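Enquirer: Have a look at this one.
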Amino acid sequence: MSHKQPSTEFPLGVVCHPGQGDLDCLFIETPGAQAELFLQGAHLANWKPRNHQPVLWMSQKSHYTPGKPLRGGVPICLPWFGPNPDNAQLPLHGFARLLPWTVSRMTQSPDGPVTVELTLQSDATTREIWPHDFAAVFSVTIAARLTMSLEVTNTSSVPFTFTEALHTYLAVSDVRKVTITGLEQARFFDKAAGGVAKPASGTPMQITGETDRVYLGTRDSVTVTDPGHNRRLILSKAGSEATVLWNPWIAKAKAMPDFGDDEWPQMLCIETANAMEHAITLGPGACHTLSAMIDVEKLP
Ligand code: BG6
């Protein structure tokens with residue numbers, strides 16, 4: 001594990017030791033929150049702001065196995081979101097969530113929040129799957145507000161195009177009883193309906209069945225009001241033009257070996273993305289940053 005250790009001192013409240021499945025994991029405790037961050041996939045698996053229930057959902061059936069995605073938390077989809085556009089045999093949502101990332105920096109601000117930066121760079125393995133040179137940096141600040149950013153740089157001499165998502169699994173009391181606002185004015189691509197473009201609904205969203213939507217042209221924050229957990233989750237973002245909403249519902253949950261049959265009511269994915277028509281093209285040396293923030297408020 002030594003090659004993955006940062007050269008800097010560990011900030012107070014940060015330890016690195018094997019997590020579930022013996023996968024290397026940073027356990028972070030700050031005055032405002034606790035978190036668990038796996039080095040495989042730079043995968044945030046827990047964020048619990050002080051005086052609140054955990055905000056991220058993890059499946060009890062998740063794999064914790066090298067090279068297999070974790071089910072829950074915040075998988076990083078990169079350098080493509082969903083199926084690879086040219087080769088359906090390649091892993092869904094790209095390879096970034098399957099590979100070990102390197103801790104490149106850890107800092108602590110005087111009032112306590114810890115920021116960890118993890119890096120993934122192209123190498124012979126990634127070039128075999130995706131023939132481009134890049135550097136990706138995932139930065140996460142653990143505090144009462146969760147701040148995540150994903151910066152992708154083109155380190156080659158030719159342009160490339162990619163899609164991406166911070167595939168956030170939110171823990172909810174019962175997905176059928178939450179209300180989602182902030183997407184009312186956005187048109188969307190409805191994957192659950194077989195892949196059809198649909199106009200903006202104009203109304204707040206409630207989940208009543210399998211849901212798999214890519215909302216397009218979205219810059220506003222999205223709020224999930226959850227009376228059962230007595231809280232509101234507010235997801236804001238920058239550098240992102242798409243928002244994905246996903247809940248597998250009954251049959252799809254049963255079909256996934258790493259997802260408990262009865263777990264679907266307790267989760268809702270709201271993914272901060274650049275996908276479909278919002279794919280990003282970077283020239284040589286150019287970089288792009290996508291950021292996602294989560295705030296939690298108790299309901300009055
Ligand atoms: C969502 C996709 O982002 O992720 C869904 O829109 C997909 O189509 C879901 O089923 C989960 O993907 P995976 O690869 O983690 O099972």
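By order of appearance in the structure tokens: chains A, B, ..., then residues from 1 within every chain, and ligands from 1 in the order shown.
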Do you know which residues are within 9 Å of ligand 1 using only C-alpha atoms and all ligand atoms? Can you write them as a ChimeraX atom specification?
Expert: /A:69-72,75,77,81-83,91-93,165,167,191-192,211-214,244-248,252,256,258,269-271
Enquirer: Please provide as a list of chain:residue names all residues within 9 Å of segment 18-21 of chain A, with the sequence filter that same-chain residues fewer than 4 positions apart are discarded (counting only C-alpha atoms).
Expert: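 Listed by chain and then number, they are A:Cys25, A:Leu26, A:Phe27, A:Glu36, A:Phe38, A:His63, A:Tyr64, A:Thr65, A:Pro66.
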Enquirer: Using only C-alpha atoms, which of the listed residues (A:Val74, A:Ala144, A:Ala88, A:Val116) sits closest to Ile294 of chain A?
Expert: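 Of the candidates, the smallest distance to Ile294 of chain A is held by A:Ala144.
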Enquirer: Considering only strand (DSSP E or B) as DSSP defines it on the backbone, what residues of segment 20-122 of chain A qualify? List them as a VMD selection string.
Expert: chain A and resid 24 to 29 33 to 38 40 43 to 49 56 58 72 74 76 to 77 100 102 to 108 114 to 121
Enquirer: Mind checking which residues fall within 7 Å of Ser236 of chain A, counting only C-alpha atoms, ignoring those fewer than 3 positions away in the same chain, and posting them as a PyMOL selection string?
Expert: chain A and resi 220-222+292-294
Enquirer: Hey, what's within 9 Å of Met267 of chain A if we count only C-alpha atoms and toss same-chain stuff fewer than 4 positions away? As a list of chain:residue names, please?
Expert: A:Leu56, A:Trp57, A:Met58, A:Gly72, A:Tyr169, A:Leu170, A:Ala171, A:Val172, A:Ser173, A:Asp174, A:Val175, A:Asn247, A:Glu263
Enquirer: Output as a VMD selection string all residues of segment 66-251 of chain A that backbone DSSP marks as helix (DSSP H, G or I).
Expert: chain A and resid 96 to 98 124 to 129 175 to 177 227 to 229 249 to 251
